[in-house]
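Colleague: Dumping the structure here so I can ask a few things about it.
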Amino acid sequence: MSELSVPTGAAPPDVPAGCEVARVARVDRGLLTVLTATGEHRVRLGGALHDESAPAVGDWVAVRGELAVRLLPRRTAFVRTAAGRGSAPQVVAANVDLVLVVDSLVGDARLRRVERYLAVAWASGATPVVVLTKADVCPDVPAAVARVAEDAVGVEVLAVSAVSGAGLGALQSLLTPGSTAAMVGPSGVGKSSLANALAGRPVAATAEIREDGRGRHTTTARELHLLPGGGLLIDTPGMRELALPGGEGLDTTYADVAGLAADCRFRDCAHRTEPGCAVAAAIDRGELDPARFTAWRKLQAE
């Protein structure tokens with residue numbers, strides 16, 4: 001599969017005889033745009049795939065002629081569940097190595113939102129990286145990065161500008177040949193401009209920023225792009241709602257809070273007025289932000 005190989009260089013398993021392995025670059029109502037060793041093709045979903053979970057951008061599929069006939073096993077998946085009852089989980093991006101949680105340096109840091117994305121990113125099986133855009137209009141980039149890094153425990157935080165090019169080199173160094181990164185985040189934070197800067201060509205539509213310095217919603221479909229250095233980037237539309245598909249990523253995202261909770265005197269501590277509560281003690285000492293603790297409890301309840 002040359003530059004489209006999985007990072008280990010091995011093709012996905014369980015490929016039926018007589019089939020070609022392809023990477024899904026875009027999904028459009030029963031039609032897939034796929035990338036193969038021979039280039040880009042449009043294929044239809046075979047009958048078996050209509051009965052399975054539908055392929056997502058980043059998936060590997062087995063293609064026979066003009067049909068995608070089998071969805072191959074996923075290594076990782078960023079799964080979104082919209083808020084509200086009865087919402088089915090939706091695979092946003094599959095087989096990703098990095099999840100780029102993108103937010104803007106315009107305005108105050110939206111820490112709770114970043115934490116929510118990080119929880120879903122850790123649960124995906126991929127490695128999250130926080131990317132803060134629009135560094136060219138931020139008056140104090142180091143302070144803004146430090147504020148986010150304090151809450152993004154164990155996660156690299158990068159500040160970049162698609163306009164000036166600041167920080168792009170550090171981000172590009174993470175997008176190694178054969179690896180796949182998915183950009184996730186709300187609308188208007190600069191994901192499309194960042195995708196164009198990383199690709200070195202227009203691959204995503206952009207719009208003029210608003211008077212408050214924030215961007216506008218432009219991306220309407222998930223799409224995989226091949227980058228100049230051989231990495232792959234999945235651009236995704238902004239998400240208005242992002243509920244957790246499960247709690248797998250919570251303890252990693254809130255490792256500091258979870259660690260304190262494990263030190264409480266009572267195993268069933270509610271972290272309110274119980275004696276020997278390590279969480280309450282850390283809040284009293286100013287070592288834990290009460291808002292971060294509240295966010296942890298809220299996501300636990302979800």
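Going by the structure tokens order, chains are called A, B, ..., each with residues numbered from 1, while ligands are numbered from 1 in the order shown.
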So which bits of segment 34-101 of chain A end up helix (DSSP H, G or I) when you DSSP the backbone, as a list in words?
Modeller: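 Answer for segment 34-101 of chain A restricted to helix (DSSP H, G or I) is Gly47, Ala48, Leu49, His50 and Asp51 of chain A.
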Colleague: In segment 54-249 of chain A, what's strand (DSSP E or B) per DSSP? Answer as a VMD selection string?
Modeller: chain A and resid 60 to 64 67 to 71 77 to 81 90 to 94 98 to 104 127 to 133 156 to 159 180 to 184 223 to 226 232 to 235 243
Colleague: Would you put the residues from that selection into a file with N, CA and C atoms, as a short mmCIF file (atom, residue, chain, number, x, y, z; two decimals), in the first residue's frame?
Modeller:
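Final output, saved to result03.cif:
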```cif
data_model
loop_
_atom_site.label_atom_id
_atom_site.label_comp_id
_atom_site.auth_asym_id
_atom_site.auth_seq_id
_atom_site.Cartn_x
_atom_site.Cartn_y
_atom_site.Cartn_z
N TRP A 60 -10.49 1.02 6.69
CA TRP A 60 -9.95 0.19 5.61
C TRP A 60 -11.08 -0.71 5.14
N VAL A 61 -11.24 -0.81 3.83
CA VAL A 61 -12.26 -1.69 3.26
C VAL A 61 -11.62 -2.55 2.19
N ALA A 62 -12.23 -3.71 1.96
CA ALA A 62 -11.83 -4.57 0.85
C ALA A 62 -12.70 -4.22 -0.34
N VAL A 63 -12.06 -3.94 -1.49
CA VAL A 63 -12.77 -3.51 -2.69
C VAL A 63 -12.60 -4.56 -3.78
N ARG A 64 -13.73 -4.92 -4.39
CA ARG A 64 -13.71 -5.82 -5.54
C ARG A 64 -14.43 -5.10 -6.68
N LEU A 67 -17.11 -2.20 -6.05
CA LEU A 67 -17.85 -2.42 -4.81
C LEU A 67 -16.91 -2.55 -3.63
N ALA A 68 -17.27 -1.91 -2.51
CA ALA A 68 -16.61 -2.16 -1.23
C ALA A 68 -17.37 -3.32 -0.58
N VAL A 69 -16.70 -4.44 -0.36
CA VAL A 69 -17.40 -5.65 0.04
C VAL A 69 -17.18 -6.03 1.50
N ARG A 70 -16.17 -5.46 2.15
CA ARG A 70 -15.95 -5.81 3.55
C ARG A 70 -15.29 -4.66 4.29
N LEU A 71 -15.78 -4.42 5.51
CA LEU A 71 -15.16 -3.46 6.42
C LEU A 71 -14.10 -4.21 7.22
N ALA A 77 -10.88 4.25 17.04
CA ALA A 77 -12.04 4.96 16.50
C ALA A 77 -12.43 6.08 17.44
N PHE A 78 -12.54 7.29 16.90
CA PHE A 78 -13.09 8.42 17.65
C PHE A 78 -14.59 8.36 17.48
N VAL A 79 -15.29 8.10 18.57
CA VAL A 79 -16.74 7.85 18.52
C VAL A 79 -17.47 8.98 19.21
N ARG A 80 -18.43 9.51 18.51
CA ARG A 80 -19.23 10.62 19.04
C ARG A 80 -20.64 10.13 19.33
N THR A 81 -21.19 10.58 20.45
CA THR A 81 -22.60 10.37 20.76
C THR A 81 -23.22 11.73 20.98
N GLN A 90 -21.64 7.32 16.86
CA GLN A 90 -21.26 7.56 15.47
C GLN A 90 -19.74 7.63 15.39
N VAL A 91 -19.15 6.81 14.51
CA VAL A 91 -17.70 6.83 14.32
C VAL A 91 -17.35 8.05 13.47
N VAL A 92 -16.61 8.96 14.05
CA VAL A 92 -16.21 10.19 13.36
C VAL A 92 -14.97 9.94 12.50
N ALA A 93 -14.01 9.20 13.03
CA ALA A 93 -12.77 8.91 12.30
C ALA A 93 -12.22 7.59 12.82
N ALA A 94 -11.76 6.75 11.88
CA ALA A 94 -11.29 5.42 12.24
C ALA A 94 -9.81 5.26 11.93
N LEU A 98 -3.30 9.88 15.98
CA LEU A 98 -3.36 11.11 16.77
C LEU A 98 -4.74 11.74 16.63
N VAL A 99 -5.27 12.25 17.73
CA VAL A 99 -6.48 13.07 17.69
C VAL A 99 -6.06 14.49 18.04
N LEU A 100 -6.18 15.39 17.08
CA LEU A 100 -5.83 16.79 17.30
C LEU A 100 -7.06 17.52 17.81
N VAL A 101 -7.09 17.80 19.10
CA VAL A 101 -8.20 18.54 19.70
C VAL A 101 -7.93 20.02 19.48
N VAL A 102 -8.67 20.62 18.56
CA VAL A 102 -8.39 21.98 18.10
C VAL A 102 -9.30 22.98 18.79
N ASP A 103 -8.70 24.03 19.33
CA ASP A 103 -9.46 25.15 19.88
C ASP A 103 -8.71 26.43 19.54
N SER A 104 -9.36 27.54 19.76
CA SER A 104 -8.80 28.82 19.34
C SER A 104 -8.25 29.59 20.53
N THR A 127 -3.71 8.79 20.48
CA THR A 127 -3.05 9.74 21.38
C THR A 127 -3.55 11.15 21.08
N PRO A 128 -4.09 11.85 22.09
CA PRO A 128 -4.56 13.21 21.83
C PRO A 128 -3.45 14.25 21.92
N VAL A 129 -3.59 15.30 21.14
CA VAL A 129 -2.73 16.48 21.19
C VAL A 129 -3.65 17.69 21.12
N VAL A 130 -3.46 18.66 22.00
CA VAL A 130 -4.25 19.88 21.95
C VAL A 130 -3.55 20.88 21.04
N VAL A 131 -4.27 21.40 20.05
CA VAL A 131 -3.73 22.38 19.11
C VAL A 131 -4.53 23.67 19.25
N LEU A 132 -3.85 24.73 19.67
CA LEU A 132 -4.49 26.02 19.87
C LEU A 132 -4.15 26.92 18.69
N THR A 133 -5.18 27.28 17.93
CA THR A 133 -4.98 28.04 16.70
C THR A 133 -5.01 29.55 16.94
N GLU A 156 0.34 16.81 25.09
CA GLU A 156 1.12 17.90 24.50
C GLU A 156 0.17 18.99 24.02
N VAL A 157 0.54 20.25 24.29
CA VAL A 157 -0.26 21.40 23.88
C VAL A 157 0.59 22.28 22.98
N LEU A 158 0.10 22.53 21.76
CA LEU A 158 0.82 23.31 20.77
C LEU A 158 0.01 24.53 20.38
N ALA A 159 0.69 25.66 20.22
CA ALA A 159 0.05 26.87 19.70
C ALA A 159 0.53 27.07 18.27
N THR A 180 -1.87 8.64 10.81
CA THR A 180 -3.12 9.33 10.53
C THR A 180 -3.52 10.17 11.73
N ALA A 181 -3.84 11.43 11.49
CA ALA A 181 -4.33 12.32 12.53
C ALA A 181 -5.73 12.79 12.16
N ALA A 182 -6.57 12.95 13.17
CA ALA A 182 -7.92 13.48 12.94
C ALA A 182 -8.07 14.77 13.73
N MET A 183 -8.55 15.81 13.07
CA MET A 183 -8.82 17.08 13.74
C MET A 183 -10.27 17.11 14.20
N VAL A 184 -10.46 17.39 15.49
CA VAL A 184 -11.81 17.49 16.03
C VAL A 184 -11.90 18.78 16.83
N GLU A 223 -13.31 14.31 5.73
CA GLU A 223 -12.52 13.96 4.56
C GLU A 223 -11.08 13.71 4.96
N LEU A 224 -10.47 12.72 4.32
CA LEU A 224 -9.08 12.36 4.58
C LEU A 224 -8.20 12.95 3.48
N HIS A 225 -7.10 13.60 3.91
CA HIS A 225 -6.19 14.23 2.96
C HIS A 225 -4.78 13.66 3.14
N LEU A 226 -4.09 13.44 2.05
CA LEU A 226 -2.70 13.01 2.08
C LEU A 226 -1.81 14.24 2.18
N LEU A 232 -1.36 11.40 6.97
CA LEU A 232 -2.74 11.57 6.53
C LEU A 232 -3.50 12.36 7.58
N LEU A 233 -4.37 13.23 7.12
CA LEU A 233 -5.12 14.11 8.01
C LEU A 233 -6.60 14.01 7.71
N ILE A 234 -7.41 13.76 8.74
CA ILE A 234 -8.86 13.72 8.60
C ILE A 234 -9.42 15.02 9.16
N ASP A 235 -10.07 15.79 8.31
CA ASP A 235 -10.73 17.04 8.70
C ASP A 235 -12.19 16.72 8.99
N ALA A 243 -21.37 14.12 23.47
CA ALA A 243 -21.56 13.34 24.68
C ALA A 243 -20.59 12.17 24.66
#
```
Colleague: Have a look at A:Val34, A:Val153, A:Val141, A:Ala278 and name the one nearest to Ala109 of chain A; count only C-alpha atoms.
Modeller: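 The answer is A:Val141, which sits nearest to Ala109 of chain A.
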Colleague: Contacts of Glu115 of chain A at 8 Å or less, counting only C-alpha atoms, minus same-chain residues fewer than 4 places along, as a list in words?
Modeller: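 Listing them by chain and then by number gives Leu111, Ala119, Asp151, Ala152 and Thr253 of chain A.
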Colleague: Would you save the residues from that selection as a compact mmCIF listing (two decimals), in the first residue's frame, using C-alpha atoms?
Modeller:
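Okay, this is what ended up in result.txt:
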```
# COMPACT_ATOMS: atom_id res chain seq x y z
CA LEU A 111 -11.08 24.40 29.43
CA ALA A 119 -11.99 12.27 27.32
CA ASP A 151 -5.65 20.98 32.75
CA ALA A 152 -4.59 18.79 29.81
CA THR A 253 -8.23 12.96 31.18
```
Colleague: Name the closest residue to Pro186 of chain A among the candidates A:Leu31, A:Leu288, A:Leu242, A:Ala123; distances are taken between atoms, counting only C-alpha atoms.
Modeller: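 Of all the options, A:Leu242 lies closest to Pro186 of chain A.
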